[in-house]
>>> print(open('model_9.txt').read())   # compact mmCIF, C-alpha atoms and all ligand atoms
# COMPACT_ATOMS: atom_id res chain seq x y z
CA MET A 1 188.57 139.89 94.47
CA GLY A 2 188.45 142.26 97.43
CA ILE A 3 186.23 141.96 100.50
CA ARG A 4 182.69 141.72 99.18
CA ILE A 5 180.80 141.85 102.46
CA ASN A 6 180.14 144.73 104.87
CA LYS A 7 182.68 144.22 107.67
CA LYS A 8 180.14 145.28 110.27
CA LEU A 9 178.38 141.98 109.73
CA GLU A 10 181.34 140.12 111.17
CA GLU A 11 180.38 141.59 114.58
CA ILE A 12 176.80 140.39 114.27
CA PRO A 13 175.96 136.77 115.06
CA PRO A 14 172.91 135.10 113.49
CA SER A 15 169.79 135.35 115.67
CA GLY A 16 170.11 132.91 118.57
CA ILE A 17 166.43 132.09 118.18
CA ARG A 18 166.46 131.18 114.50
CA LYS A 19 169.72 129.29 114.80
CA PHE A 20 168.18 127.02 117.41
CA PHE A 21 164.88 126.53 115.62
CA ASP A 22 166.32 125.77 112.23
CA LEU A 23 167.90 122.81 114.01
CA ILE A 24 164.62 121.36 115.24
CA SER A 25 162.21 122.32 112.46
CA THR A 26 162.25 118.74 111.18
CA ARG A 27 161.39 117.11 114.54
CA LYS A 28 157.60 116.60 114.85
CA ASP A 29 157.85 115.02 118.33
CA ILE A 30 159.19 118.20 119.90
CA ILE A 31 156.89 120.72 121.58
CA SER A 32 158.25 124.12 120.73
CA LEU A 33 158.02 126.89 123.30
CA GLY A 34 160.48 128.71 121.12
CA VAL A 35 159.40 131.23 118.54
CA GLY A 36 157.47 134.22 119.90
CA GLU A 37 154.44 134.01 117.70
CA PRO A 38 150.71 133.80 118.51
CA ASP A 39 149.24 130.34 117.91
CA PHE A 40 145.92 131.93 116.90
CA TYR A 41 144.83 132.55 113.35
CA THR A 42 144.38 136.20 112.43
CA PRO A 43 140.73 136.85 113.42
CA TRP A 44 138.38 136.03 110.56
CA HIS A 45 136.87 139.51 110.22
CA ILE A 46 140.38 140.86 109.57
CA ARG A 47 141.19 138.19 106.98
CA GLU A 48 137.81 138.79 105.38
CA SER A 49 138.44 142.53 105.12
CA ILE A 50 141.75 141.77 103.40
CA ILE A 51 140.10 139.38 100.94
CA TYR A 52 137.44 141.99 100.21
CA SER A 53 140.06 144.68 99.67
CA LEU A 54 141.78 142.41 97.14
CA GLU A 55 138.48 141.80 95.37
CA LYS A 56 138.05 145.54 95.12
CA GLY A 57 141.50 145.80 93.56
CA TYR A 58 143.51 147.33 96.39
CA THR A 59 146.91 146.13 95.26
CA ALA A 60 148.74 149.36 94.44
CA TYR A 61 151.28 151.36 96.46
CA THR A 62 149.79 153.56 99.13
CA SER A 63 151.23 156.90 100.19
CA ASN A 64 154.68 156.50 101.79
CA TRP A 65 153.05 157.45 105.07
CA GLY A 66 150.41 154.74 104.80
CA ILE A 67 146.64 155.00 104.37
CA TYR A 68 145.32 158.10 106.11
CA GLU A 69 142.34 156.30 107.63
CA LEU A 70 144.73 153.88 109.35
CA ARG A 71 146.91 156.72 110.63
CA GLU A 72 143.78 158.39 112.03
CA ALA A 73 142.68 155.15 113.68
CA ILE A 74 146.13 154.68 115.28
CA SER A 75 146.27 158.24 116.54
CA SER A 76 142.92 157.88 118.28
CA TYR A 77 143.71 154.33 119.51
CA TYR A 78 146.83 155.58 121.29
CA LYS A 79 144.75 157.94 123.42
CA LYS A 80 143.94 154.84 125.45
CA PHE A 81 147.60 154.81 126.56
CA GLY A 82 147.51 158.52 127.44
CA VAL A 83 149.23 159.74 124.27
CA SER A 84 147.72 162.54 122.22
CA SER A 85 148.96 162.73 118.66
CA SER A 86 147.70 163.75 115.25
CA PRO A 87 147.45 161.34 112.28
CA ASP A 88 150.31 163.36 110.79
CA ASP A 89 152.58 162.08 113.56
CA VAL A 90 151.94 158.45 112.52
CA LEU A 91 153.94 156.49 109.94
CA ILE A 92 152.84 153.01 108.87
CA THR A 93 155.79 150.61 108.79
CA THR A 94 156.49 147.07 107.66
CA GLY A 95 156.30 145.72 111.19
CA VAL A 96 157.97 147.06 114.31
CA SER A 97 161.14 145.55 112.84
CA GLU A 98 161.24 148.24 110.16
CA GLY A 99 160.19 150.85 112.71
CA LEU A 100 163.22 149.99 114.84
CA ASP A 101 165.57 150.08 111.87
CA ILE A 102 164.45 153.44 110.47
CA THR A 103 164.32 155.03 113.93
CA ILE A 104 167.83 153.93 114.77
CA ARG A 105 169.20 154.91 111.36
CA GLY A 106 167.19 158.12 111.46
CA ILE A 107 168.70 159.41 114.71
CA LEU A 108 172.22 157.99 114.93
CA ASN A 109 175.48 159.38 113.62
CA PRO A 110 178.48 157.02 113.51
CA GLY A 111 179.85 156.27 116.98
CA GLU A 112 176.87 157.64 118.91
CA ARG A 113 175.87 155.63 121.94
CA VAL A 114 172.57 153.93 122.65
CA ILE A 115 171.69 152.48 126.05
CA ILE A 116 170.13 149.02 125.82
CA PRO A 117 169.00 147.27 129.00
CA GLU A 118 169.84 143.56 128.83
CA PRO A 119 168.46 140.94 128.39
CA CYS A 120 166.73 142.43 125.36
CA TYR A 121 164.94 141.61 122.12
CA VAL A 122 167.36 140.14 119.58
CA SER A 123 167.33 142.92 117.00
CA TYR A 124 168.19 145.93 119.17
CA ILE A 125 171.97 145.45 119.33
CA PRO A 126 172.51 144.39 115.68
CA LEU A 127 170.44 147.31 114.39
CA VAL A 128 172.46 149.82 116.41
CA LYS A 129 175.69 148.27 115.13
CA LEU A 130 174.46 148.26 111.53
CA ALA A 131 173.80 151.99 111.90
CA TYR A 132 177.44 152.37 113.01
CA GLY A 133 176.24 153.27 116.49
CA ASN A 134 177.65 152.08 119.75
CA PRO A 135 175.39 149.88 121.92
CA VAL A 136 175.89 150.50 125.64
CA LEU A 137 174.66 147.33 127.30
CA VAL A 138 173.25 147.85 130.77
CA PRO A 139 172.73 144.57 132.60
CA THR A 140 169.53 144.16 134.59
CA SER A 141 168.93 141.30 136.99
CA GLU A 142 166.12 139.30 138.49
CA GLU A 143 166.89 140.91 141.86
CA THR A 144 165.97 144.35 140.46
CA GLY A 145 163.03 142.96 138.50
CA PHE A 146 164.92 142.92 135.16
CA LYS A 147 164.24 146.66 134.91
CA ILE A 148 166.47 149.62 134.28
CA HIS A 149 166.46 152.34 136.95
CA TYR A 150 167.40 156.01 137.20
CA GLU A 151 170.93 155.29 138.52
CA ASP A 152 171.65 152.75 135.77
CA ILE A 153 171.01 155.38 133.12
CA VAL A 154 172.90 158.14 134.90
CA ASN A 155 175.84 155.83 135.65
CA HIS A 156 176.11 154.83 131.99
CA SER A 157 175.97 158.39 130.66
CA ASP A 158 179.62 159.29 130.65
CA PRO A 159 180.24 159.71 127.74
CA PRO A 160 176.65 160.68 127.03
CA SER A 161 174.27 158.47 125.10
CA LYS A 162 171.90 159.74 122.45
CA ALA A 163 169.08 157.32 123.10
CA ILE A 164 167.77 154.40 125.08
CA ILE A 165 165.78 151.47 123.69
CA LEU A 166 163.06 150.40 126.06
CA GLY A 167 160.93 147.36 125.26
CA TYR A 168 157.99 146.82 127.62
CA PRO A 169 156.35 144.46 128.27
CA SER A 170 159.68 142.83 127.62
CA ASN A 171 160.72 140.09 125.30
CA PRO A 172 162.26 137.90 126.83
CA THR A 173 161.49 138.55 130.51
CA GLY A 174 157.80 139.49 130.37
CA VAL A 175 158.31 142.32 132.87
CA THR A 176 156.79 145.71 132.32
CA TYR A 177 157.08 149.15 133.92
CA SER A 178 154.58 150.92 136.17
CA LYS A 179 153.92 154.64 135.70
CA LYS A 180 156.14 155.37 138.69
CA GLU A 181 159.01 153.31 137.30
CA LEU A 182 158.69 155.00 133.92
CA GLU A 183 158.74 158.41 135.63
CA GLU A 184 162.07 157.47 137.17
CA VAL A 185 163.42 156.50 133.74
CA ALA A 186 161.98 159.71 132.26
CA ASP A 187 163.75 161.82 134.92
CA ALA A 188 167.09 160.36 133.87
CA VAL A 189 166.27 160.72 130.16
CA ILE A 190 165.43 164.41 130.58
CA GLU A 191 168.43 165.04 132.82
CA LYS A 192 170.75 163.45 130.25
CA ASP A 193 168.94 164.93 127.24
CA MET A 194 168.21 161.61 125.57
CA ILE A 195 165.66 160.14 123.16
CA VAL A 196 163.58 157.06 124.01
CA ILE A 197 162.84 154.38 121.43
CA SER A 198 159.80 152.82 123.04
CA ASP A 199 158.98 149.36 121.69
CA GLU A 200 155.41 148.78 122.84
CA ILE A 201 154.53 145.83 120.62
CA TYR A 202 153.19 143.85 123.60
CA ALA A 203 151.21 146.78 125.10
CA GLU A 204 147.88 144.99 124.62
CA LEU A 205 149.25 141.87 126.27
CA THR A 206 149.61 143.41 129.72
CA TYR A 207 147.79 141.34 132.31
CA ASP A 208 147.24 142.72 135.80
CA ARG A 209 147.42 146.42 135.01
CA ARG A 210 147.05 148.87 132.15
CA HIS A 211 149.96 149.59 129.85
CA VAL A 212 151.41 153.08 130.29
CA SER A 213 153.39 154.62 127.43
CA ILE A 214 156.45 156.61 128.48
CA ALA A 215 155.40 159.15 125.81
CA SER A 216 152.38 160.04 127.96
CA LEU A 217 154.54 161.37 130.82
CA ASN A 218 155.21 165.06 131.39
CA GLY A 219 157.86 166.49 129.10
CA MET A 220 158.33 163.24 127.18
CA SER A 221 156.26 163.54 124.01
CA GLU A 222 159.06 165.37 122.16
CA ARG A 223 161.60 162.76 123.22
CA VAL A 224 159.84 159.49 122.49
CA ILE A 225 159.39 157.44 119.35
CA ILE A 226 156.60 154.94 119.96
CA LEU A 227 156.81 151.73 117.96
CA ASN A 228 153.91 149.33 117.90
CA GLY A 229 152.18 146.98 115.51
CA PHE A 230 149.66 144.27 114.80
CA SER A 231 151.84 141.13 114.90
CA LYS A 232 151.23 140.09 118.49
CA ALA A 233 147.93 141.55 119.73
CA HIS A 234 146.06 140.81 116.48
CA ALA A 235 147.99 137.66 115.51
CA MET A 236 149.15 139.21 112.22
CA THR A 237 152.88 138.36 112.22
CA GLY A 238 153.17 137.35 108.57
CA LEU A 239 151.26 140.36 107.31
CA ARG A 240 154.16 142.63 108.34
CA ILE A 241 152.45 145.71 109.64
CA GLY A 242 153.37 148.19 112.34
CA TYR A 243 153.63 151.91 112.98
CA ALA A 244 155.67 154.68 114.54
CA ILE A 245 154.48 157.79 116.35
CA ALA A 246 157.32 160.29 116.51
CA PRO A 247 158.18 163.98 116.98
CA SER A 248 158.17 165.80 113.62
CA ASP A 249 161.94 166.29 113.14
CA ILE A 250 162.66 162.64 113.85
CA MET A 251 159.70 161.52 111.76
CA GLU A 252 161.03 163.47 108.79
CA ALA A 253 164.32 161.58 109.04
CA MET A 254 162.55 158.23 109.41
CA LEU A 255 160.27 158.93 106.45
CA LYS A 256 163.27 159.66 104.24
CA ILE A 257 164.68 156.20 104.89
CA HIS A 258 161.28 154.51 104.70
CA GLN A 259 160.43 156.07 101.35
CA TYR A 260 163.64 154.84 99.76
CA CYS A 261 163.98 151.43 101.36
CA MET A 262 160.36 150.35 101.77
CA LEU A 263 158.14 152.76 99.82
CA CYS A 264 155.12 151.75 101.85
CA ALA A 265 153.85 148.95 104.06
CA PRO A 266 151.88 146.18 102.29
CA VAL A 267 148.49 147.55 101.27
CA SER A 268 146.54 144.38 102.15
CA ALA A 269 148.00 144.43 105.64
CA GLN A 270 147.08 148.11 105.99
CA MET A 271 143.48 147.30 105.05
CA GLY A 272 143.44 144.48 107.62
CA ALA A 273 144.92 146.80 110.25
CA ILE A 274 142.11 149.33 109.73
CA GLU A 275 139.59 146.55 110.37
CA ALA A 276 141.61 145.33 113.40
CA LEU A 277 141.46 148.75 115.05
CA LYS A 278 137.84 149.41 114.13
CA ASN A 279 136.31 146.10 115.16
CA GLY A 280 139.04 143.95 116.70
CA SER A 281 139.05 144.77 120.39
CA LYS A 282 136.84 141.81 121.43
CA GLU A 283 139.16 139.38 119.66
CA VAL A 284 142.16 140.99 121.36
CA ASP A 285 140.41 140.59 124.73
CA LYS A 286 139.74 136.91 123.97
CA MET A 287 143.34 136.18 123.03
CA ARG A 288 144.66 138.15 126.02
CA ASN A 289 142.40 136.19 128.37
CA GLU A 290 143.61 132.92 126.93
CA TYR A 291 147.29 133.93 127.22
CA ASN A 292 146.57 135.00 130.79
CA ARG A 293 145.06 131.61 131.63
CA ARG A 294 148.09 129.87 130.15
CA ARG A 295 150.48 132.27 131.90
CA LYS A 296 149.08 131.43 135.32
CA PHE A 297 148.97 127.70 134.68
CA PHE A 298 152.42 127.43 133.11
CA VAL A 299 154.33 129.69 135.48
CA ASN A 300 152.79 128.01 138.52
CA ARG A 301 153.68 124.64 137.04
CA LEU A 302 157.26 125.78 136.30
CA ASN A 303 157.62 126.79 139.93
CA ASP A 304 157.07 123.15 140.92
CA PHE A 305 160.59 122.40 139.69
CA LEU A 306 162.31 125.69 138.69
CA SER A 307 162.14 129.24 139.95
CA CYS A 308 160.17 131.66 137.79
CA GLN A 309 158.80 135.14 138.45
CA MET A 310 155.24 135.76 137.26
CA PRO A 311 155.59 137.74 134.00
CA GLU A 312 153.40 140.84 133.76
CA GLY A 313 153.03 140.95 130.00
CA ALA A 314 153.89 139.53 126.53
CA PHE A 315 153.73 135.71 126.32
CA TYR A 316 157.05 134.59 127.74
CA ALA A 317 158.15 132.94 130.97
CA PHE A 318 161.80 133.42 131.88
CA PRO A 319 162.65 130.82 134.53
CA SER A 320 166.03 130.53 136.20
CA ILE A 321 167.87 127.28 135.53
CA ARG A 322 170.86 128.18 137.73
CA GLU A 323 170.05 125.49 140.28
CA THR A 324 170.66 122.81 137.66
CA GLY A 325 174.30 123.88 137.28
CA LEU A 326 173.94 123.81 133.48
CA SER A 327 174.53 126.72 131.14
CA SER A 328 171.48 128.06 129.29
CA GLU A 329 172.72 126.65 126.01
CA SER A 330 173.49 123.21 127.36
CA PHE A 331 170.19 123.08 129.33
CA SER A 332 168.25 123.91 126.15
CA GLU A 333 170.14 121.35 124.09
CA LYS A 334 169.66 118.57 126.65
CA LEU A 335 165.98 119.43 127.08
CA LEU A 336 165.52 118.76 123.37
CA SER A 337 166.05 115.06 123.99
CA TYR A 338 163.04 115.23 126.36
CA GLY A 339 160.99 116.69 123.51
CA VAL A 340 160.78 120.38 124.48
CA ALA A 341 162.39 123.32 122.71
CA VAL A 342 163.05 126.57 124.55
CA VAL A 343 165.41 129.46 123.80
CA PRO A 344 168.61 129.83 125.85
CA GLY A 345 168.54 133.13 127.78
CA THR A 346 171.89 134.00 126.22
CA ALA A 347 170.14 134.59 122.87
CA PHE A 348 169.05 137.88 124.52
CA GLY A 349 172.46 138.91 125.80
CA LYS A 350 175.08 137.75 128.30
CA THR A 351 172.83 138.62 131.23
CA GLY A 352 170.43 135.95 130.02
CA GLU A 353 172.89 133.27 131.20
CA GLY A 354 171.20 131.09 133.81
CA TYR A 355 167.74 131.53 132.23
CA ILE A 356 165.65 130.11 129.42
CA ARG A 357 162.79 131.73 127.55
CA CYS A 358 159.60 129.72 127.16
CA SER A 359 156.78 131.07 125.01
CA TYR A 360 153.31 130.20 126.29
CA ALA A 361 151.70 131.14 122.98
CA VAL A 362 150.95 127.43 122.51
CA SER A 363 147.86 125.41 123.44
CA MET A 364 147.12 124.50 127.05
CA GLU A 365 147.35 120.84 126.08
CA LYS A 366 150.89 121.27 124.76
CA LEU A 367 151.90 123.42 127.75
CA LYS A 368 150.83 120.63 130.10
CA ILE A 369 152.88 118.02 128.25
CA ALA A 370 155.85 120.40 127.96
CA ALA A 371 155.78 121.11 131.71
CA ASP A 372 155.64 117.35 132.49
CA ARG A 373 158.60 116.69 130.20
CA MET A 374 160.57 119.56 131.73
CA GLU A 375 159.88 118.24 135.22
CA GLU A 376 161.09 114.80 134.17
CA PHE A 377 164.27 116.35 132.78
CA ILE A 378 164.93 118.31 135.99
CA GLY A 379 164.31 115.11 137.97
CA SER A 380 166.89 113.30 135.86
CA ILE A 381 169.48 116.03 136.53
CA ALA A 382 168.80 115.78 140.25
CA ARG A 383 169.19 111.96 140.14
CA GLU A 384 172.48 112.23 138.22
CA ARG A 385 173.83 114.52 140.94
CA VAL A 386 173.10 112.10 143.79
N1 LIG A 401 159.87 143.99 119.11
C1 LIG A 401 159.76 142.95 119.95
C2 LIG A 401 160.00 143.17 121.41
C3 LIG A 401 159.41 141.68 119.47
O1 LIG A 401 159.29 140.66 120.32
C4 LIG A 401 159.21 141.51 118.08
C5 LIG A 401 158.90 140.19 117.52
O2 LIG A 401 159.08 139.16 118.13
C6 LIG A 401 159.35 142.62 117.24
C7 LIG A 401 159.68 143.85 117.79
C8 LIG A 401 159.15 142.52 115.74
O3 LIG A 401 157.81 142.67 115.45
P1 LIG A 401 157.20 142.81 113.99
O4 LIG A 401 156.58 141.50 113.65
O5 LIG A 401 156.16 143.90 114.12
O6 LIG A 401 158.28 143.20 113.07
>>> encode(input="model_9.txt", output="structure tokens", more="lines below")
Ligand code: PLP
Amino acid sequence: MGIRINKKLEEIPPSGIRKFFDLISTRKDIISLGVGEPDFYTPWHIRESIIYSLEKGYTAYTSNWGIYELREAISSYYKKFGVSSSPDDVLITTGVSEGLDITIRGILNPGERVIIPEPCYVSYIPLVKLAYGNPVLVPTSEETGFKIHYEDIVNHSDPPSKAIILGYPSNPTGVTYSKKELEEVADAVIEKDMIVISDEIYAELTYDRRHVSIASLNGMSERVIILNGFSKAHAMTGLRIGYAIAPSDIMEAMLKIHQYCMLCAPVSAQMGAIEALKNGSKEVDKMRNEYNRRRKFFVNRLNDFLSCQMPEGAFYAFPSIRETGLSSESFSEKLLSYGVAVVPGTAFGKTGEGYIRCSYAVSMEKLKIAADRMEEFIGSIARERV
């Protein structure tokens, strides 16, 4: 029998997050700051609207594009981030995950380059590789705020890249971009004639400022594919619902893939998403306020024994563990015996070495215990060194 598996997959490791968490799923004593998932239930009014839609018999395919009312709601919702679009520019996807896949496959030809600032969300590099593209990894560092700057893009543009994937607020670092910083990125993108894949899934979870979409900047609307969804802000991860707002030529390409590989996003989730956008903003505010409270508590507590910048968005802290002398992987493994699971920074690329990602989408009570256990672990490392 010949080779039965796509050779590309040999280049793609299993997700560093799942790998780690499959290991500990059986251990009840461990507090997991691992998987990036809200600990809230989907707000009741959203669940209720889904139940009601099922009672009314909404179980059939929708249009490939998604339900028009939802596309309208998304188009007007995005005005809040300075983006004007028509419902016809909106495609409903099965989560941002599908949005990323069909965008990347929709724009790339084999061998074309895509700039990806590292550390980055786990799916960006594999999806580019699966589309036979060429990921150009641009390291960012704590010293430059884990952000990509004008020079980084220009310096990595020979040979030229077709696109850049920008995720902000960022998973794993929690940093986000100000309007001024995005303008700098936009200048380079225009100069180098590139497309931006803008993953804004954590837009609503921005704490001390308002989220700005790069698509709202001068000259950018024709260059940006916005990807967003309901998983994080509305605690709807398992419902698998997201959307893309894209220029018409790119949207046409994305729709072609979507209609053959997905047909449409789940109808129940689309019904829930309509309710989320119509009546969900108070619940989003409540969850954001709670994450914010936890963010301040947990990051301040981490700084008692590690060094950690205050994240500006999402629900992740990304402390440095360099002082301990351990690698990210070995730190995370050893910390397990103190009853806390975190993700090694290296799950998000080589530049994540020396860091761990801790999700604070867990209760305050658990965060307190986790911080105490982490402090005890750091104390034990210090004692071993003496
Ligand atoms: N993009 C980022 C930055 C994420 O952190 C995640 C999930 O963790 C996703 C996309 C996938 O989101 P979805 O549940 O909408 O597929």
>>> residues_near_ligand(input="model_9.txt", ligand="ligand LIG 401 (chain A)", cutoff="6 Å", atoms="only C-alpha atoms and all ligand atoms", output="list in words")
Gly36, Gly95, Val96, Ser97, Tyr121, Gly167, Asn171, Ile201, Gly229, Ser231, Thr237, Arg240 and Gly242 of chain A
>>> residues_around(input="model_9.txt", residues="region 213-221 of chain A", least_positions_apart="5", cutoff="7 Å", atoms="only C-alpha atoms", output="ChimeraX atom specification")
/A:81-83,182
>>> write_last_selection(input="model_9.txt", atoms="C-alpha atoms", output="PDB file, keeping the file's coordinate frame")
ATOM      1  CA  PHE A  81     147.600 154.810 126.560  1.00  0.00           C
ATOM      2  CA  GLY A  82     147.510 158.520 127.440  1.00  0.00           C
ATOM      3  CA  VAL A  83     149.230 159.740 124.270  1.00  0.00           C
ATOM      4  CA  LEU A 182     158.690 155.000 133.920  1.00  0.00           C
TER       5      LEU A 182
END
>>> residues_around(input="model_9.txt", residues="Phe318 (chain A)", least_positions_apart="6", cutoff="7 Å", atoms="all atoms listed in the file", output="PyMOL selection string")
chain A and resi 172-173+308+355-358
>>> write_last_selection(input="model_9.txt", atoms="C-alpha atoms", output="mmCIF file, in the coordinates of the input")
data_model
loop_
_atom_site.group_PDB
_atom_site.id
_atom_site.type_symbol
_atom_site.label_atom_id
_atom_site.label_comp_id
_atom_site.auth_asym_id
_atom_site.auth_seq_id
_atom_site.Cartn_x
_atom_site.Cartn_y
_atom_site.Cartn_z
ATOM 1 C CA PRO A 172 162.260 137.900 126.830
ATOM 2 C CA THR A 173 161.490 138.550 130.510
ATOM 3 C CA CYS A 308 160.170 131.660 137.790
ATOM 4 C CA TYR A 355 167.740 131.530 132.230
ATOM 5 C CA ILE A 356 165.650 130.110 129.420
ATOM 6 C CA ARG A 357 162.790 131.730 127.550
ATOM 7 C CA CYS A 358 159.600 129.720 127.160
#
>>> closest_residue(input="model_9.txt", among="A:Phe305, A:Tyr260, A:Phe21, A:Tyr243", to="Glu72 (chain A)", atoms="all atoms listed in the file")
A:Tyr243
>>> residues_around(input="model_9.txt", residues="Ser307 (chain A)", least_positions_apart="6", cutoff="12 Å", atoms="all atoms listed in the file", output="PDB file with C-alpha atoms, in the frame of the given file")
ATOM      1  CA  GLU A 142     166.120 139.300 138.490  1.00  0.00           C
ATOM      2  CA  VAL A 299     154.330 129.690 135.480  1.00  0.00           C
ATOM      3  CA  ASN A 300     152.790 128.010 138.520  1.00  0.00           C
ATOM      4  CA  ARG A 301     153.680 124.640 137.040  1.00  0.00           C
ATOM      5  CA  ALA A 317     158.150 132.940 130.970  1.00  0.00           C
ATOM      6  CA  PHE A 318     161.800 133.420 131.880  1.00  0.00           C
ATOM      7  CA  PRO A 319     162.650 130.820 134.530  1.00  0.00           C
ATOM      8  CA  SER A 320     166.030 130.530 136.200  1.00  0.00           C
ATOM      9  CA  ILE A 321     167.870 127.280 135.530  1.00  0.00           C
ATOM     10  CA  ARG A 322     170.860 128.180 137.730  1.00  0.00           C
ATOM     11  CA  GLU A 323     170.050 125.490 140.280  1.00  0.00           C
ATOM     12  CA  THR A 324     170.660 122.810 137.660  1.00  0.00           C
ATOM     13  CA  GLY A 354     171.200 131.090 133.810  1.00  0.00           C
ATOM     14  CA  TYR A 355     167.740 131.530 132.230  1.00  0.00           C
ATOM     15  CA  ILE A 356     165.650 130.110 129.420  1.00  0.00           C
ATOM     16  CA  ILE A 378     164.930 118.310 135.990  1.00  0.00           C
TER      17      ILE A 378
END
>>> atom_distance(input="model_9.txt", atom1="CA of Ala269 (chain A)", atom2="CA of Ile241 (chain A)")
6.1 Å
>>> closest_residue(input="model_9.txt", among="A:Arg210, A:Lys350, A:Arg113, A:Lys286", to="Pro139 (chain A)", atoms="only C-alpha atoms")
A:Lys350
>>> residues_near_point(input="model_9.txt", point="(176.6, 157.8, 132.6)", cutoff="12 Å", atoms="all atoms listed in the file", output="PyMOL selection string")
chain A and resi 113-115+136-138+150-162+188-189+191-194
>>> closest_residue(input="model_9.txt", among="A:Gly352, A:Val340, A:Ser359, A:Ser170", to="Ser327 (chain A)", atoms="all atoms listed in the file")
A:Gly352
>>> closest_residue(input="model_9.txt", among="A:Glu384, A:Gly238, A:Ser15, A:Arg295", to="Met364 (chain A)", atoms="all atoms listed in the file")
A:Arg295
>>> residues_around(input="model_9.txt", residues="Glu11 (chain A)", least_positions_apart="6", cutoff="10 Å", atoms="all atoms listed in the file", output="list in words")
Pro126, Lys129 and Leu130 of chain A
>>> atom_distance(input="model_9.txt", atom1="CA of Ser53 (chain A)", atom2="CA of Ile67 (chain A)")
13.1 Å
>>> residues_near_point(input="model_9.txt", point="(169.7, 157.5, 117.9)", cutoff="9 Å", atoms="only C-alpha atoms", output="list in words")
Thr103, Ile104, Arg105, Gly106, Ile107, Leu108, Asn109, Glu112, Arg113, Val114, Val128, Gly133, Ser161, Lys162, Ala163, Ile164, Met194, Ile195, Val196 and Ile197 of chain A
>>> closest_residue(input="model_9.txt", among="A:Val224, A:Val342, A:Met271, A:Met251", to="Tyr58 (chain A)", atoms="only C-alpha atoms")
A:Met271
>>> closest_residue(input="model_9.txt", among="A:Pro119, A:Pro87, A:Pro247, A:Gly99", to="Asp199 (chain A)", atoms="all atoms listed in the file")
A:Gly99
>>> atom_distance(input="model_9.txt", atom1="CA of Ile12 (chain A)", atom2="CA of Ser123 (chain A)")
10.2 Å
>>> residues_around(input="model_9.txt", residues="region 174-177 of chain A", least_positions_apart="3", cutoff="6 Å", atoms="all atoms listed in the file", output="list in words")
Tyr168, Pro169, Ser170, Asn171, Glu181, Pro311, Glu312, Gly313, Ala314 and Tyr316 of chain A
